[in-house]
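Colleague: Sending over target.pdb (PDB, C-alpha atoms and all ligand atoms).
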```pdb
ATOM      1  CA  MET A 252    -126.847 -10.841 -19.365
ATOM      2  CA  ASN A 253    -128.234 -14.218 -20.507
ATOM      3  CA  ASN A 254    -129.546 -12.543 -23.682
ATOM      4  CA  ASP A 255    -125.947 -12.041 -24.812
ATOM      5  CA  ILE A 256    -125.381 -15.798 -24.893
ATOM      6  CA  LYS A 257    -125.862 -17.649 -28.184
ATOM      7  CA  GLU A 258    -125.777 -21.129 -26.695
ATOM      8  CA  VAL A 259    -125.110 -22.841 -23.382
ATOM      9  CA  LEU A 260    -122.230 -25.189 -24.080
ATOM     10  CA  TYR A 261    -121.778 -26.763 -20.642
ATOM     11  CA  SER A 262    -124.511 -26.560 -18.036
ATOM     12  CA  GLU A 263    -123.942 -26.365 -14.287
ATOM     13  CA  GLU A 264    -124.883 -30.044 -13.999
ATOM     14  CA  GLN A 265    -122.445 -31.100 -16.738
ATOM     15  CA  ILE A 266    -119.661 -29.074 -15.119
ATOM     16  CA  ASP A 267    -120.384 -30.550 -11.673
ATOM     17  CA  HIS A 268    -120.258 -34.066 -13.042
ATOM     18  CA  ARG A 269    -117.022 -33.508 -14.957
ATOM     19  CA  LEU A 270    -115.359 -31.869 -11.949
ATOM     20  CA  ASP A 271    -116.210 -34.927  -9.835
ATOM     21  CA  GLU A 272    -114.428 -37.090 -12.413
ATOM     22  CA  LEU A 273    -111.363 -34.836 -12.709
ATOM     23  CA  ALA A 274    -111.022 -34.481  -8.942
ATOM     24  CA  GLY A 275    -111.230 -38.260  -8.549
ATOM     25  CA  VAL A 276    -108.291 -38.743 -10.909
ATOM     26  CA  LEU A 277    -106.197 -36.069  -9.154
ATOM     27  CA  THR A 278    -107.069 -37.410  -5.707
ATOM     28  CA  ALA A 279    -105.818 -40.866  -6.704
ATOM     29  CA  LYS A 280    -102.586 -39.415  -8.125
ATOM     30  CA  TYR A 281    -101.709 -37.081  -5.233
ATOM     31  CA  GLN A 282    -102.886 -39.220  -2.287
ATOM     32  CA  ASP A 283     -99.433 -39.412  -0.674
ATOM     33  CA  LYS A 284     -98.115 -36.044  -1.853
ATOM     34  CA  ASN A 285     -98.508 -32.430  -0.759
ATOM     35  CA  PRO A 286     -98.693 -30.359  -3.942
ATOM     36  CA  LEU A 287     -99.031 -26.627  -4.349
ATOM     37  CA  VAL A 288    -102.228 -25.843  -6.251
ATOM     38  CA  VAL A 289    -101.794 -22.627  -8.234
ATOM     39  CA  SER A 290    -104.898 -20.861  -9.480
ATOM     40  CA  VAL A 291    -104.418 -18.582 -12.479
ATOM     41  CA  LEU A 292    -106.405 -15.416 -11.847
ATOM     42  CA  THR A 293    -108.804 -14.186 -12.689
ATOM     43  CA  GLY A 294    -110.536 -16.678 -14.947
ATOM     44  CA  ALA A 295    -109.705 -19.858 -13.014
ATOM     45  CA  MET A 296    -110.992 -18.744  -9.619
ATOM     46  CA  ILE A 297    -114.419 -20.408  -9.841
ATOM     47  CA  PHE A 298    -113.050 -23.601 -11.362
ATOM     48  CA  THR A 299    -110.301 -23.728  -8.729
ATOM     49  CA  SER A 300    -112.584 -23.216  -5.761
ATOM     50  CA  ASP A 301    -115.076 -25.808  -7.011
ATOM     51  CA  MET A 302    -112.219 -28.271  -7.585
ATOM     52  CA  LEU A 303    -110.550 -27.596  -4.227
ATOM     53  CA  LYS A 304    -113.656 -28.749  -2.369
ATOM     54  CA  ARG A 305    -113.396 -32.066  -4.192
ATOM     55  CA  LEU A 306    -109.637 -32.699  -3.830
ATOM     56  CA  ASN A 307    -109.130 -35.105  -0.960
ATOM     57  CA  PHE A 308    -105.411 -34.901  -0.169
ATOM     58  CA  LYS A 309    -103.008 -32.519   1.592
ATOM     59  CA  LEU A 310    -102.359 -29.459  -0.528
ATOM     60  CA  ASN A 311    -101.377 -25.824  -0.362
ATOM     61  CA  VAL A 312    -102.990 -23.075  -2.407
ATOM     62  CA  ASP A 313    -101.502 -20.021  -4.055
ATOM     63  CA  LEU A 314    -102.573 -17.524  -6.696
ATOM     64  CA  VAL A 315    -100.858 -16.035  -9.699
ATOM     65  CA  ASP A 316    -102.336 -13.281 -11.830
ATOM     66  CA  VAL A 317    -101.409 -13.215 -15.497
ATOM     67  CA  SER A 318    -103.162 -11.438 -18.305
ATOM     68  CA  SER A 319    -102.863 -11.455 -22.077
ATOM     69  CA  TYR A 320    -106.296 -10.613 -23.505
ATOM     70  CA  ASP A 321    -107.742  -7.304 -24.602
ATOM     71  CA  GLY A 322    -111.474  -7.924 -25.040
ATOM     72  CA  ALA A 323    -111.732 -11.068 -27.177
ATOM     73  CA  ASP A 324    -108.252 -10.727 -28.697
ATOM     74  CA  SER A 325    -105.003 -12.258 -27.515
ATOM     75  CA  THR A 326    -102.286  -9.604 -27.331
ATOM     76  CA  GLY A 327     -99.665 -12.312 -27.740
ATOM     77  CA  GLN A 328     -97.897 -10.996 -24.629
ATOM     78  CA  VAL A 329     -98.308 -12.735 -21.275
ATOM     79  CA  LYS A 330     -98.004 -10.216 -18.443
ATOM     80  CA  LEU A 331     -97.255 -11.337 -14.879
ATOM     81  CA  VAL A 332     -99.568  -9.024 -12.950
ATOM     82  CA  SER A 333     -99.104 -10.563  -9.509
ATOM     83  CA  ASP A 334     -96.703 -13.322  -8.493
ATOM     84  CA  LEU A 335     -97.061 -16.292  -6.127
ATOM     85  CA  LYS A 336     -96.362 -15.884  -2.424
ATOM     86  CA  SER A 337     -94.890 -19.410  -2.251
ATOM     87  CA  ASP A 338     -91.528 -20.787  -3.248
ATOM     88  CA  VAL A 339     -92.091 -23.567  -5.815
ATOM     89  CA  ASN A 340     -88.556 -24.936  -5.498
ATOM     90  CA  GLY A 341     -88.792 -28.698  -4.862
ATOM     91  CA  ARG A 342     -92.610 -28.656  -4.929
ATOM     92  CA  ASP A 343     -95.098 -30.641  -6.948
ATOM     93  CA  VAL A 344     -97.197 -27.961  -8.634
ATOM     94  CA  ILE A 345    -100.692 -28.273 -10.099
ATOM     95  CA  ILE A 346    -101.673 -25.287 -12.254
ATOM     96  CA  MET A 347    -105.427 -24.702 -12.410
ATOM     97  CA  GLU A 348    -106.583 -22.863 -15.538
ATOM     98  CA  ASP A 349    -110.012 -22.031 -16.890
ATOM     99  CA  ILE A 350    -109.054 -22.365 -20.567
ATOM    100  CA  ILE A 351    -106.140 -23.235 -22.837
ATOM    101  CA  ASP A 352    -106.512 -21.229 -26.044
ATOM    102  CA  THR A 353    -103.322 -20.123 -27.845
ATOM    103  CA  GLY A 354    -101.490 -21.948 -25.040
ATOM    104  CA  ARG A 355     -99.232 -18.983 -24.313
ATOM    105  CA  THR A 356    -100.351 -18.434 -20.709
ATOM    106  CA  LEU A 357     -99.896 -22.033 -19.662
ATOM    107  CA  LYS A 358     -96.610 -22.475 -21.492
ATOM    108  CA  TYR A 359     -95.266 -19.338 -19.814
ATOM    109  CA  LEU A 360     -96.288 -20.526 -16.349
ATOM    110  CA  VAL A 361     -95.043 -24.105 -16.755
ATOM    111  CA  GLN A 362     -91.651 -22.767 -17.869
ATOM    112  CA  LEU A 363     -91.563 -20.191 -15.060
ATOM    113  CA  PHE A 364     -92.210 -22.791 -12.350
ATOM    114  CA  LYS A 365     -89.731 -25.263 -13.859
ATOM    115  CA  ASP A 366     -87.098 -22.524 -14.009
ATOM    116  CA  ARG A 367     -87.773 -21.867 -10.325
ATOM    117  CA  GLY A 368     -86.987 -25.502  -9.503
ATOM    118  CA  ALA A 369     -90.417 -27.127  -9.177
ATOM    119  CA  LYS A 370     -90.105 -30.910  -8.767
ATOM    120  CA  SER A 371     -93.064 -31.477 -11.100
ATOM    121  CA  VAL A 372     -95.570 -29.257 -12.881
ATOM    122  CA  VAL A 373     -98.914 -30.558 -14.136
ATOM    123  CA  THR A 374    -101.739 -28.588 -15.671
ATOM    124  CA  CYS A 375    -105.442 -28.954 -15.036
ATOM    125  CA  ALA A 376    -107.737 -26.906 -17.283
ATOM    126  CA  MET A 377    -111.502 -26.853 -17.325
ATOM    127  CA  LEU A 378    -111.588 -26.065 -21.056
ATOM    128  CA  ASP A 379    -109.259 -26.709 -23.972
ATOM    129  CA  LYS A 380    -109.654 -25.092 -27.401
ATOM    130  CA  PRO A 381    -107.020 -26.973 -29.445
ATOM    131  CA  ASP A 382    -107.944 -25.368 -32.810
ATOM    132  CA  ARG A 383    -106.526 -22.059 -31.572
ATOM    133  CA  ARG A 384    -103.173 -23.348 -30.343
ATOM    134  CA  GLU A 385    -100.159 -21.253 -31.318
ATOM    135  CA  VAL A 386     -97.510 -22.775 -29.075
ATOM    136  CA  GLU A 387     -96.858 -26.395 -28.251
ATOM    137  CA  ILE A 388     -98.561 -27.366 -25.004
ATOM    138  CA  GLU A 389    -101.146 -29.906 -23.940
ATOM    139  CA  GLY A 390    -103.226 -29.871 -20.788
ATOM    140  CA  ASP A 391    -102.486 -32.885 -18.571
ATOM    141  CA  TYR A 392    -106.029 -32.933 -17.165
ATOM    142  CA  VAL A 393    -108.803 -31.311 -19.176
ATOM    143  CA  GLY A 394    -112.500 -30.983 -18.429
ATOM    144  CA  PHE A 395    -113.941 -30.313 -21.890
ATOM    145  CA  THR A 396    -112.481 -29.917 -25.381
ATOM    146  CA  THR A 397    -114.329 -26.970 -26.891
ATOM    147  CA  PRO A 398    -115.135 -25.705 -30.376
ATOM    148  CA  ASN A 399    -113.400 -22.589 -31.671
ATOM    149  CA  GLU A 400    -115.828 -20.010 -30.252
ATOM    150  CA  PHE A 401    -115.412 -17.171 -27.775
ATOM    151  CA  LEU A 402    -116.669 -18.563 -24.467
ATOM    152  CA  VAL A 403    -117.830 -16.815 -21.307
ATOM    153  CA  GLY A 404    -119.150 -17.783 -17.912
ATOM    154  CA  TYR A 405    -117.957 -19.890 -14.993
ATOM    155  CA  GLY A 406    -115.000 -17.510 -14.576
ATOM    156  CA  LEU A 407    -114.426 -16.614 -18.224
ATOM    157  CA  ASP A 408    -115.029 -12.994 -19.141
ATOM    158  CA  TYR A 409    -115.469 -10.537 -21.927
ATOM    159  CA  ASN A 410    -114.111  -7.182 -20.716
ATOM    160  CA  ASN A 411    -114.505  -8.468 -17.142
ATOM    161  CA  LEU A 412    -118.224  -9.247 -17.624
ATOM    162  CA  TYR A 413    -120.069 -12.610 -17.568
ATOM    163  CA  ARG A 414    -117.658 -14.323 -15.128
ATOM    164  CA  ASN A 415    -120.589 -14.941 -12.776
ATOM    165  CA  LEU A 416    -122.650 -17.027 -15.210
ATOM    166  CA  PRO A 417    -122.971 -20.493 -13.629
ATOM    167  CA  TYR A 418    -122.544 -22.198 -17.022
ATOM    168  CA  VAL A 419    -120.120 -21.907 -19.974
ATOM    169  CA  GLY A 420    -121.742 -20.286 -22.990
ATOM    170  CA  ILE A 421    -120.856 -18.980 -26.431
ATOM    171  CA  LEU A 422    -120.972 -15.187 -26.520
ATOM    172  CA  LYS A 423    -123.041 -13.747 -29.370
ATOM    173  CA  ARG A 424    -120.727 -12.313 -31.986
ATOM    174  CA  ALA A 425    -122.739  -9.068 -32.060
ATOM    175  CA  VAL A 426    -121.599  -8.364 -28.490
ATOM    176  CA  TYR A 427    -117.916  -8.242 -29.337
ATOM    177  CA  ALA A 428    -117.549  -7.896 -33.119
ATOM    178  CA  ASN A 429    -116.759  -4.412 -34.383
TER
HETATM  179  O1  LIG B   1    -104.090 -19.902 -23.958
HETATM  180  P1  LIG B   1    -104.144 -18.422 -23.929
HETATM  181  O2  LIG B   1    -104.366 -17.823 -25.295
HETATM  182  O3  LIG B   1    -102.977 -17.807 -23.226
HETATM  183  O4  LIG B   1    -105.471 -18.038 -23.149
HETATM  184  C1  LIG B   1    -105.815 -18.529 -21.903
HETATM  185  C2  LIG B   1    -105.828 -17.455 -20.868
HETATM  186  O5  LIG B   1    -106.665 -16.383 -21.278
HETATM  187  C3  LIG B   1    -107.529 -16.016 -20.228
HETATM  188  O6  LIG B   1    -106.905 -15.123 -19.366
HETATM  189  P2  LIG B   1    -106.886 -13.543 -19.581
HETATM  190  O7  LIG B   1    -105.525 -13.126 -20.070
HETATM  191  O8  LIG B   1    -108.075 -13.121 -20.385
HETATM  192  O9  LIG B   1    -107.007 -13.017 -18.085
HETATM  193  P3  LIG B   1    -108.168 -13.280 -17.010
HETATM  194  O10 LIG B   1    -108.012 -14.696 -16.537
HETATM  195  O11 LIG B   1    -107.860 -12.302 -15.946
HETATM  196  O12 LIG B   1    -109.498 -13.057 -17.664
HETATM  197  C4  LIG B   1    -107.771 -17.328 -19.509
HETATM  198  O13 LIG B   1    -108.187 -17.098 -18.188
HETATM  199  C5  LIG B   1    -106.427 -18.009 -19.584
HETATM  200  O14 LIG B   1    -105.600 -17.675 -18.495
HETATM  201  N1  LIG B   2    -113.532 -15.369 -21.974
HETATM  202  C1  LIG B   2    -112.641 -16.011 -22.693
HETATM  203  N2  LIG B   2    -111.341 -15.830 -22.450
HETATM  204  C2  LIG B   2    -110.489 -16.540 -23.216
HETATM  205  N3  LIG B   2    -109.152 -16.528 -23.199
HETATM  206  C3  LIG B   2    -108.754 -17.360 -24.120
HETATM  207  N4  LIG B   2    -109.791 -17.908 -24.765
HETATM  208  C4  LIG B   2    -110.888 -17.400 -24.214
HETATM  209  C5  LIG B   2    -112.292 -17.576 -24.449
HETATM  210  O1  LIG B   2    -112.767 -18.327 -25.304
HETATM  211  N5  LIG B   2    -113.104 -16.849 -23.653
END
```
Could you render the structure from this file as structure tokens?
Modeller:
Amino acid sequence: MNNDIKEVLYSEEQIDHRLDELAGVLTAKYQDKNPLVVSVLTGAMIFTSDMLKRLNFKLNVDLVDVSSYDGADSTGQVKLVSDLKSDVNGRDVIIMEDIIDTGRTLKYLVQLFKDRGAKSVVTCAMLDKPDRREVEIEGDYVGFTTPNEFLVGYGLDYNNLYRNLPYVGILKRAVYAN
């Protein structure tokens, strides 16, 4: 598995350190609130669980499953595979994402939760790849701004592989190029 990785971009230690910083900022902001933390499956599950342990305020957790990638290619269509169990009406919502790439997934979810009456919607993404953006959206809280490479590990997959790597790495082109 590690042989398929061209370069480790963010090590476990770097990720741990950055998550401490991000969680500190969110903890200060939400101290007196009770937000709903929404994890975007499947990619954000590791990021979300590592962040949750660091968030020191009252919160609820829910999951939404959306999908738009076929291998390393964006299909351009965001599909809601499985919806939240919670009602977001009147809630402060924090969306936890692994990566913002074209921006379509996050834009879709922010709009969906606003349409459902959320009081506020903020986004927290471990990775942001601004060079690939196709729709207008910025992450409110971002761990790392990444180069325009296909990344795997720490939740991110290629054909549902590599999610279990403890670091974020660049996948060798030979693995996914036709
Ligand atoms: O900014 P975008 O271009 O929309 O890309 C970002 C989304 O792509 C990936 O999800 P994917 O659709 O691959 O599903 P997965 O999380 O189940 O792997 C990733 O987890 C983000 O949710
Ligand atoms: N695994 C993976 N999924 C993505 N979805 C959007 N961008 C990426 C990426 O760089 N890697």
Colleague: Please compute the CA of Asp408 in chain A-CA of Thr396 in chain A distance, one decimal, in Å.
Modeller: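 CA of Asp408 in chain A sits 18.2 Å away from CA of Thr396 in chain A.
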Colleague: So which residues touch Asn340 in chain A within 12 Å, counting all atoms listed in the file, skipping near sequence neighbours fewer than 5 positions away, as a list in words?
Modeller: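 What passes the distance filter is Pro286, Leu287, Leu363, Phe364, Lys365, Asp366, Arg367, Gly368, Ala369, Lys370, Ser371 and Val372 of chain A.
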Colleague: Given 6 Å of margin on each side, can you work out the centre and size in Å (one decimal) of an axis-aligned box holding every listed atom of ligand LIG 2 (chain B), as JSON?
Modeller:
```
{"center_x": -111.1, "center_y": -16.8, "center_z": -23.6, "size_x": 16.8, "size_y": 15.0, "size_z": 15.3}
```
Colleague: Using 6 Å as the limit and counting only C-alpha atoms and all ligand atoms, can you tabulate each residue of chain A that touches ligand LIG 2 (chain B), with its shortest atom-to-atom distance in Å and the two atoms involved, as a Markdown table?
Modeller:
```
| residue | atom | partner | partner_atom | distance |
| --- | --- | --- | --- | --- |
| A:Asp352 | CA | B:LIG2 | N4 | 4.8 |
| A:Phe401 | CA | B:LIG2 | O1 | 3.8 |
| A:Leu402 | CA | B:LIG2 | O1 | 4.0 |
| A:Val403 | CA | B:LIG2 | N1 | 4.6 |
| A:Leu407 | CA | B:LIG2 | N1 | 4.1 |
| A:Asp408 | CA | B:LIG2 | N1 | 4.0 |
| A:Tyr409 | CA | B:LIG2 | N1 | 5.2 |
```
Colleague: Check every protein, DNA and RNA residue against ligand LIG 1 (chain B), keep those with an atom at most 7 Å away (counting all atoms listed in the file), and present them as an mmCIF file with C-alpha atoms, in the coordinates of the input.
Modeller:
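The new file pocket24.cif reads:
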```
data_model
loop_
_atom_site.group_PDB
_atom_site.id
_atom_site.type_symbol
_atom_site.label_atom_id
_atom_site.label_comp_id
_atom_site.auth_asym_id
_atom_site.auth_seq_id
_atom_site.Cartn_x
_atom_site.Cartn_y
_atom_site.Cartn_z
ATOM 1 C CA VAL A 291 -104.418 -18.582 -12.479
ATOM 2 C CA LEU A 292 -106.405 -15.416 -11.847
ATOM 3 C CA THR A 293 -108.804 -14.186 -12.689
ATOM 4 C CA GLY A 294 -110.536 -16.678 -14.947
ATOM 5 C CA ALA A 295 -109.705 -19.858 -13.014
ATOM 6 C CA ASP A 316 -102.336 -13.281 -11.830
ATOM 7 C CA VAL A 317 -101.409 -13.215 -15.497
ATOM 8 C CA SER A 318 -103.162 -11.438 -18.305
ATOM 9 C CA SER A 319 -102.863 -11.455 -22.077
ATOM 10 C CA TYR A 320 -106.296 -10.613 -23.505
ATOM 11 C CA SER A 325 -105.003 -12.258 -27.515
ATOM 12 C CA GLU A 348 -106.583 -22.863 -15.538
ATOM 13 C CA ASP A 349 -110.012 -22.031 -16.890
ATOM 14 C CA ILE A 350 -109.054 -22.365 -20.567
ATOM 15 C CA ILE A 351 -106.140 -23.235 -22.837
ATOM 16 C CA ASP A 352 -106.512 -21.229 -26.044
ATOM 17 C CA THR A 353 -103.322 -20.123 -27.845
ATOM 18 C CA GLY A 354 -101.490 -21.948 -25.040
ATOM 19 C CA ARG A 355 -99.232 -18.983 -24.313
ATOM 20 C CA THR A 356 -100.351 -18.434 -20.709
ATOM 21 C CA LEU A 357 -99.896 -22.033 -19.662
ATOM 22 C CA LEU A 407 -114.426 -16.614 -18.224
ATOM 23 C CA ASP A 408 -115.029 -12.994 -19.141
ATOM 24 C CA ASN A 411 -114.505 -8.468 -17.142
#
```
Colleague: CA of Val426 in chain A and CA of Asn253 in chain A are how many Å apart?
Modeller: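 Computing it gives 11.9 Å between the two atoms.
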Colleague: Please report as CSV every residue of range 295-414 of chain A lying within 9 Å of range 262-278 of chain A, along with the nearest atom pair and their distance in Å (one decimal), using only C-alpha atoms.
Modeller:
```
residue,atom,partner,partner_atom,distance
A:Phe298,CA,A:Leu270,CA,8.6
A:Asp301,CA,A:Leu270,CA,7.8
A:Met302,CA,A:Ala274,CA,6.5
A:Leu303,CA,A:Ala274,CA,8.4
A:Arg305,CA,A:Ala274,CA,5.8
A:Leu306,CA,A:Ala274,CA,5.6
A:Asn307,CA,A:Thr278,CA,5.7
A:Phe308,CA,A:Thr278,CA,6.3
A:Cys375,CA,A:Leu273,CA,8.7
A:Met377,CA,A:Leu270,CA,8.3
A:Tyr392,CA,A:Leu273,CA,7.2
A:Val393,CA,A:Leu273,CA,7.8
A:Gly394,CA,A:Arg269,CA,6.2
A:Phe395,CA,A:Arg269,CA,8.2
A:Tyr405,CA,A:Glu263,CA,8.8
```
Colleague: Between A:Asp343, A:Leu422, A:Ser300, A:Leu260, which residue has the minimum interatomic distance to Asp283 in chain A, considering only C-alpha atoms?
Modeller: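 Of A:Asp343, A:Leu422, A:Ser300, A:Leu260, the one nearest Asp283 in chain A, counting only C-alpha atoms, is A:Asp343.
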Colleague: Of the residues A:Val315, A:Leu412, A:Leu331, A:Val339, which is the one nearest to Tyr427 in chain A, using all atoms listed in the file?
Modeller: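 Among the listed residues, the smallest separation from Tyr427 in chain A belongs to A:Leu412.
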Colleague: Report, in Å to a single decimal, how far apart CA of Asp334 in chain A and CA of Asn311 in chain A are.
Modeller: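 Between CA of Asn311 in chain A and CA of Asp334 in chain A the gap is 15.6 Å.
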Colleague: Kindly indicate which residue among A:Glu258, A:Asp379, A:Asp313, A:Asp324 lies nearest to Ser337 in chain A, using all atoms listed in the file for the distances.
Modeller: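 Of all the options, A:Asp313 lies closest to Ser337 in chain A.
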Colleague: Smallest atom-to-atom distance to Arg384 in chain A: which of A:Gly327, A:Leu335, A:Gly341, A:Leu310, using all atoms listed in the file?
Modeller: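 Checking each of A:Gly327, A:Leu335, A:Gly341, A:Leu310 against Arg384 in chain A, counting all atoms listed in the file, the winner is A:Gly327.
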Colleague: Evaluate the PyMOL selection byres (((chain A and resi 400) around 10) and not hetatm) and record the selected residues as a short mmCIF file (atom, residue, chain, number, x, y, z; two decimals) with C-alpha atoms, in the coordinates of the input, following the chain and residue labels used in the document.
Modeller:
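Output file out-v4.cif follows:
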```cif
data_model
loop_
_atom_site.label_atom_id
_atom_site.label_comp_id
_atom_site.auth_asym_id
_atom_site.auth_seq_id
_atom_site.Cartn_x
_atom_site.Cartn_y
_atom_site.Cartn_z
CA LYS A 380 -109.65 -25.09 -27.40
CA ASP A 382 -107.94 -25.37 -32.81
CA ARG A 383 -106.53 -22.06 -31.57
CA THR A 397 -114.33 -26.97 -26.89
CA PRO A 398 -115.14 -25.70 -30.38
CA ASN A 399 -113.40 -22.59 -31.67
CA PHE A 401 -115.41 -17.17 -27.78
CA LEU A 402 -116.67 -18.56 -24.47
CA VAL A 403 -117.83 -16.82 -21.31
CA GLY A 420 -121.74 -20.29 -22.99
CA ILE A 421 -120.86 -18.98 -26.43
CA LEU A 422 -120.97 -15.19 -26.52
CA LYS A 423 -123.04 -13.75 -29.37
CA ARG A 424 -120.73 -12.31 -31.99
#
```
Colleague: Under the rule that all atoms listed in the file are counted, which of A:Val289, A:Leu360, A:Lys309, A:Ile388 is the nearest residue to Lys336 in chain A?
Modeller: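 Of all the options, A:Val289 lies closest to Lys336 in chain A.
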Colleague: Please identify all polymer residues within 8 Å of Met252 in chain A, counting only C-alpha atoms, omitting same-chain residues fewer than 3 positions from it, and present them as a list in words.
Modeller: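 Skipping anything fewer than 3 positions along the chain leaves Asp255, Ile256 and Tyr413 of chain A.
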Colleague: Name the closest residue to Val386 in chain A among the candidates A:Ile346, A:Lys358, A:Asn285, A:Ser333; distances are taken between atoms, counting all atoms listed in the file.
Modeller: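 Closest to Val386 in chain A of all the choices is A:Lys358.
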